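Data block for data-v7.tsv (TSV, C-alpha atoms and all ligand atoms):
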```
chain	number	residue	atom	x	y	z
T	652	MET	CA	147.75	285.14	137.30
T	653	PHE	CA	148.69	284.78	140.92
T	654	ASN	CA	145.43	283.10	141.83
T	655	ARG	CA	145.45	280.71	138.94
T	656	SER	CA	148.99	279.49	139.55
T	657	CYS	CA	148.20	279.03	143.20
T	658	HIS	CA	145.36	276.65	142.57
T	659	GLN	CA	146.25	274.73	139.43
T	660	PRO	CA	148.97	272.09	139.60
T	661	VAL	CA	151.94	273.19	137.49
T	662	LEU	CA	153.58	270.80	135.05
T	663	ILE	CA	157.27	270.45	135.88
T	664	GLY	CA	158.00	268.09	133.03
T	665	LYS	CA	157.69	264.63	131.52
T	666	TYR	CA	160.12	262.01	132.72
T	667	ASN	CA	161.04	258.38	132.19
T	668	ALA	CA	161.60	255.77	134.84
T	669	MET	CA	162.65	252.14	134.69
T	670	LEU	CA	160.52	249.67	136.61
T	671	ASP	CA	162.74	246.61	136.48
T	672	ASN	CA	163.21	246.31	132.73
T	673	ILE	CA	160.14	248.21	131.69
T	674	ALA	CA	160.34	251.86	130.79
T	675	ILE	CA	157.42	254.03	131.79
T	676	CYS	CA	156.90	257.74	131.28
T	677	TYR	CA	155.08	260.07	133.61
T	678	SER	CA	154.15	263.72	134.02
T	679	LEU	CA	155.33	265.46	137.15
T	680	LYS	CA	153.17	268.26	138.51
T	681	ARG	CA	153.59	270.48	141.53
T	682	SER	CA	150.43	271.22	143.42
T	683	TYR	CA	150.35	274.19	145.75
T	684	LYS	CA	147.35	272.85	147.59
T	685	ALA	CA	148.39	269.22	148.02
T	686	LYS	CA	149.69	268.14	151.41
T	687	TYR	CA	150.80	264.71	150.25
T	688	ILE	CA	152.18	263.14	147.14
T	689	ARG	CA	149.55	261.66	144.85
T	690	LEU	CA	149.66	259.30	141.87
T	691	GLU	CA	146.98	259.23	139.22
T	692	ILE	CA	146.67	257.05	136.15
T	693	HIS	CA	144.26	257.97	133.38
T	694	ARG	CA	143.67	256.47	129.97
T	695	GLN	CA	144.57	259.65	128.07
T	696	SER	CA	147.38	261.09	130.15
T	697	GLY	CA	148.96	257.95	131.62
T	698	LEU	CA	150.73	258.32	134.96
T	699	THR	CA	150.84	261.72	136.66
T	700	ILE	CA	152.62	262.32	139.94
T	701	PHE	CA	151.47	265.34	141.95
T	702	ILE	CA	153.92	266.62	144.50
T	703	PRO	CA	153.30	269.14	147.27
T	704	ARG	CA	154.89	272.58	147.16
T	705	PHE	CA	158.06	271.82	149.10
T	706	TYR	CA	158.59	268.20	148.09
T	707	LYS	CA	162.17	267.42	147.02
T	708	ILE	CA	162.26	265.72	143.63
T	709	SER	CA	165.25	263.63	144.71
T	710	GLY	CA	162.82	261.44	146.66
T	711	LEU	CA	160.92	260.43	143.54
T	712	PRO	CA	162.95	257.41	142.33
T	713	ASP	CA	162.42	255.68	145.70
T	714	LEU	CA	158.74	256.52	145.72
T	715	ILE	CA	158.27	255.16	142.19
T	716	GLN	CA	160.02	251.90	143.12
T	717	LYS	CA	157.82	251.57	146.21
T	718	LYS	CA	154.68	252.04	144.16
T	719	LYS	CA	155.96	249.86	141.34
T	720	LEU	CA	153.43	247.04	141.57
T	721	TRP	CA	150.49	249.41	141.79
T	722	ILE	CA	151.73	251.46	138.80
T	723	ILE	CA	152.28	248.41	136.63
T	724	LYS	CA	148.95	246.89	137.55
T	725	LYS	CA	147.07	250.10	136.77
T	726	LEU	CA	148.95	250.76	133.53
T	727	ASN	CA	148.21	247.22	132.42
T	728	GLU	CA	144.52	247.69	133.19
T	729	ILE	CA	144.15	250.86	131.15
T	730	ASN	CA	146.57	249.93	128.38
T	731	VAL	CA	144.48	246.94	127.40
T	732	ASN	CA	142.15	249.32	125.63
T	733	CYS	CA	144.56	251.95	124.43
T	734	ILE	CA	147.28	250.08	122.61
T	735	LYS	CA	146.65	250.06	118.92
T	736	ILE	CA	148.50	247.43	117.00
T	737	SER	CA	149.24	248.20	113.43
T	738	LYS	CA	149.02	245.02	111.35
T	739	LYS	CA	152.16	245.88	109.44
T	740	GLU	CA	154.32	246.07	112.52
T	741	THR	CA	152.85	243.16	114.37
T	742	GLN	CA	154.26	239.72	114.11
T	743	ASP	CA	152.48	236.66	115.38
T	744	GLY	CA	154.79	235.15	117.87
T	745	LEU	CA	155.21	232.07	119.91
T	746	ASP	CA	153.06	230.46	122.53
T	747	LEU	CA	154.25	231.36	126.00
T	748	PRO	CA	153.36	229.30	129.06
T	749	TYR	CA	151.42	231.20	131.71
T	750	LEU	CA	149.49	229.81	134.69
T	751	GLY	CA	149.36	226.40	133.01
T	752	LYS	CA	147.81	227.81	129.84
T	753	SER	CA	149.43	229.54	126.93
T	754	LEU	CA	149.64	233.13	125.76
T	755	LYS	CA	150.09	234.28	122.19
T	756	LEU	CA	152.92	236.74	121.83
T	757	LYS	CA	152.46	239.79	119.64
T	758	THR	CA	155.21	242.34	119.35
T	759	GLN	CA	155.58	245.70	117.73
T	760	SER	CA	158.31	248.30	117.85
T	761	ASN	CA	156.61	251.63	117.56
T	762	ARG	CA	158.95	254.32	118.83
T	763	GLU	CA	156.15	256.85	119.05
T	764	LEU	CA	154.55	254.86	121.87
T	765	PRO	CA	156.26	254.17	125.20
T	766	GLU	CA	157.61	250.67	125.79
T	767	SER	CA	154.82	248.64	127.27
T	768	ILE	CA	153.71	245.11	127.93
T	769	VAL	CA	150.06	244.33	128.25
T	770	LEU	CA	148.03	241.19	128.74
T	771	ALA	CA	144.81	241.41	126.74
T	772	GLY	CA	142.80	238.23	127.15
T	773	SER	CA	145.26	235.51	126.25
T	774	THR	CA	147.48	237.72	124.08
T	775	LEU	CA	150.64	239.30	125.42
T	776	ILE	CA	151.16	242.54	123.50
T	777	ILE	CA	154.56	244.15	123.67
T	778	ASN	CA	155.71	247.45	122.27
T	779	HIS	CA	159.49	247.57	122.54
T	780	HIS	CA	162.39	249.67	121.31
T	781	ARG	CA	165.06	246.99	121.41
T	782	SER	CA	166.55	243.90	119.84
T	783	ASN	CA	165.09	240.42	120.25
T	784	ASN	CA	167.60	239.65	123.00
T	785	GLY	CA	166.28	242.61	124.93
T	786	LEU	CA	162.77	241.37	124.33
T	787	VAL	CA	163.40	238.17	126.32
T	788	ARG	CA	164.46	240.29	129.28
T	789	VAL	CA	161.34	242.45	128.99
T	790	ILE	CA	159.14	239.35	129.01
T	791	GLU	CA	161.01	237.82	131.92
T	792	ALA	CA	160.63	241.06	133.91
T	793	TRP	CA	156.91	241.02	133.22
T	794	TYR	CA	156.64	237.41	134.39
T	795	ARG	CA	158.46	238.32	137.58
T	796	GLN	CA	156.06	241.17	138.25
T	797	GLN	CA	153.05	238.98	137.65
T	798	ALA	CA	154.58	236.32	139.91
T	799	GLU	CA	155.11	238.94	142.62
T	800	ILE	CA	151.55	240.26	142.42
T	801	LEU	CA	149.93	236.81	142.44
T	802	ILE	CA	152.19	235.08	144.98
T	803	LYS	CA	152.01	237.99	147.45
T	804	LYS	CA	148.23	238.01	147.19
T	805	ARG	CA	147.96	234.24	147.71
T	806	ALA	CA	150.52	234.27	150.54
T	807	GLU	CA	148.52	236.92	152.38
T	808	GLU	CA	145.25	235.03	151.95
T	809	LEU	CA	146.77	231.69	152.94
T	810	CYS	CA	148.54	233.22	155.96
T	811	ASN	CA	145.12	234.12	157.30
T	812	ASP	CA	143.77	230.62	156.72
T	813	MET	CA	146.82	228.92	158.23
T	814	ASP	CA	147.27	231.45	161.03
T	815	VAL	CA	150.93	232.16	160.31
T	816	THR	CA	152.87	235.35	159.51
T	817	TYR	CA	156.00	235.77	157.46
T	818	ASN	CA	158.64	238.44	157.58
T	819	ARG	CA	159.54	239.24	153.96
T	820	LEU	CA	158.59	237.75	150.60
T	821	THR	CA	160.93	237.91	147.61
T	822	ILE	CA	160.62	236.63	144.07
T	823	ARG	CA	163.91	235.25	142.78
T	824	LYS	CA	165.46	233.72	139.78
T	825	ALA	CA	166.26	230.44	141.46
T	826	ARG	CA	167.46	227.70	139.17
T	827	THR	CA	166.49	224.71	141.23
T	828	ARG	CA	164.15	225.57	144.06
T	829	TRP	CA	160.53	226.57	143.75
T	830	GLY	CA	160.47	228.20	147.13
T	831	SER	CA	162.26	228.46	150.44
T	832	CYS	CA	161.63	229.63	153.97
T	833	SER	CA	164.41	230.91	156.26
T	834	GLN	CA	164.67	230.68	160.06
T	835	LYS	CA	163.85	234.38	160.15
T	836	GLY	CA	160.56	233.76	158.37
T	837	ASN	CA	161.69	235.17	155.02
T	838	LEU	CA	160.10	233.51	152.03
T	839	ASN	CA	161.62	233.23	148.57
T	840	PHE	CA	159.80	232.05	145.49
T	841	ASN	CA	160.97	231.26	141.99
T	842	TRP	CA	159.40	233.56	139.40
T	843	LYS	CA	158.84	230.56	137.12
T	844	LEU	CA	155.94	229.55	139.33
T	845	ILE	CA	153.88	231.98	137.23
T	846	LEU	CA	154.17	229.46	134.39
T	847	VAL	CA	152.37	226.67	136.27
T	848	PRO	CA	148.64	226.19	137.04
T	849	GLU	CA	147.37	228.15	140.04
T	850	PRO	CA	146.60	225.13	142.30
T	851	ILE	CA	150.28	224.20	142.01
T	852	ILE	CA	151.39	227.73	142.93
T	853	ASP	CA	149.12	227.41	145.97
T	854	TYR	CA	150.78	224.11	146.90
T	855	ILE	CA	154.25	225.75	146.89
T	856	VAL	CA	153.00	228.74	148.89
T	857	ILE	CA	151.29	226.42	151.42
T	858	HIS	CA	154.46	224.30	151.60
T	859	GLU	CA	156.62	227.31	152.50
T	860	LEU	CA	154.05	228.76	154.91
T	861	ALA	CA	153.85	225.37	156.65
T	862	HIS	CA	157.60	225.68	157.29
T	863	LEU	CA	156.82	228.69	159.46
T	864	LYS	CA	155.30	226.19	161.89
T	865	GLU	CA	157.40	223.11	161.09
T	866	MET	CA	160.93	223.83	159.93
T	867	ASN	CA	161.42	220.28	158.61
T	868	HIS	CA	159.82	217.67	156.35
T	869	SER	CA	158.41	215.53	159.15
T	870	GLN	CA	155.07	213.72	159.09
T	871	ARG	CA	153.66	216.62	161.12
T	872	PHE	CA	154.80	219.00	158.37
T	873	TRP	CA	153.15	216.97	155.59
T	874	ASN	CA	149.97	216.60	157.63
T	875	LEU	CA	149.84	220.37	157.91
T	876	VAL	CA	150.37	220.78	154.14
T	877	ALA	CA	147.66	218.15	153.46
T	878	LYS	CA	145.20	220.02	155.66
T	879	TYR	CA	145.33	223.08	153.38
T	880	CYS	CA	146.25	221.32	150.15
T	881	PRO	CA	144.80	217.79	149.99
T	882	GLN	CA	146.18	217.29	146.44
T	883	TRP	CA	149.74	218.14	147.43
T	884	LEU	CA	151.28	214.84	146.31
T	885	GLN	CA	149.78	215.17	142.86
T	886	HIS	CA	151.07	218.77	142.56
T	887	LYS	CA	154.52	217.78	143.79
T	888	LYS	CA	154.72	215.07	141.12
T	889	TRP	CA	153.44	217.42	138.42
T	890	LEU	CA	156.26	219.85	139.19
T	891	GLU	CA	158.88	217.10	139.10
T	892	GLU	CA	157.62	215.92	135.72
T	893	HIS	CA	157.29	219.34	134.09
T	894	GLU	CA	160.22	221.19	135.58
T	895	ALA	CA	162.40	220.82	132.48
T	896	ASP	CA	159.71	222.19	130.13
T	897	LEU	CA	159.05	225.32	132.13
T	898	THR	CA	161.10	227.78	130.17
T	899	ILE	CA	160.68	230.83	128.01
T	900	SER	CA	164.25	230.60	126.68
T	901	ASN	CA	163.12	229.27	123.29
T	902	LEU	CA	162.04	232.79	122.32
C	1	ZN	ZN	160.12	222.19	152.28
```

What would you get if you wrote out this structure as structure tokens?
Ligand SMILES: [Zn+2]
Amino acid sequence: MFNRSCHQPVLIGKYNAMLDNIAICYSLKRSYKAKYIRLEIHRQSGLTIFIPRFYKISGLPDLIQKKKLWIIKKLNEINVNCIKISKKETQDGLDLPYLGKSLKLKTQSNRELPESIVLAGSTLIINHHRSNNGLVRVIEAWYRQQAEILIKKRAEELCNDMDVTYNRLTIRKARTRWGSCSQKGNLNFNWKLILVPEPIIDYIVIHELAHLKEMNHSQRFWNLVAKYCPQWLQHKKWLEEHEADLTISNL
């Protein structure tokens, strides 16, 4: 017995955590061999967190928040194949704008499965345990996560091209602005950018990154934007024309 318990990770329990508005469940195991904390996601078992022998569980909520984007991305990847939608529970929903295209919404409320939101092809599949009002918040939280993943990735790539560096990047619910850049080099982006076509997201990211060199809207600034985004004027006009339609509030 002694040997076995020394080498096999021991299940401490199954827990729930909230990642923004999305509930996830995970198994927590203590490993007597592990030196560091480890996260694994498998199709059958979902998320498992392995902690070393003397790790204090009180540190877990912070760790989970730090790893949030990775966890959501991985769960989305594996869930695509494991969510089974029962025809009876599923309702065909509305079209939702996403990256300039549209997604079909399918919802189910199966309490035996954890709450989840998964993009499978062009269908957004949601299993939820709440009212329709709560559903809008779940969808908005998902959009924000997708916006964060995509905009961070593009900002990093474009920083390399443009030879600039920023301090911090945040996705916000801004009512009027698409993006902003502070004197300290902090960038903010509106989550609704995830609704527009990707070249237009790039234009906004390039616009804010250009402010890291030119903190104004001078000719020099626009020349810099044009260098990395020759179609900028077209994209700027597109945003002005479509701004009012970019909403998911008609759910
Ligand atoms: Zn500007």

Mind checking which residues fall within 10 Å of T:Pro850, counting only C-alpha atoms, ignoring those fewer than 6 positions away in the same chain, and posting them as an MDAnalysis selection string?
-> chainID T and resid 750:751 856 880 882:883 886

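Of the listed residues (T:Ala771, T:Leu846, T:Leu786, T:Leu838), T:Leu838 comes nearest to T:Lys803; the distances count all atoms listed in the file.
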
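Here atom CA of T:Gly830 stands at a distance of 28.4 Å from atom CA of T:Leu714.
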
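Proximity of T:Ser760, T:Thr821, T:Asn839, T:Gln885 to ligand ZN 1 (chain C), computed with all atoms listed in the file, is greatest for T:Asn839.
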
Contacts of T:Ser831 within 12 Å, only C-alpha atoms, excl. fewer than 6 positions in-chain, as a count of residues only | 23

Atom CA of T:Leu711 to atom CA of T:Ala806, distance in Å rounded to a single decimal | 29.0 Å
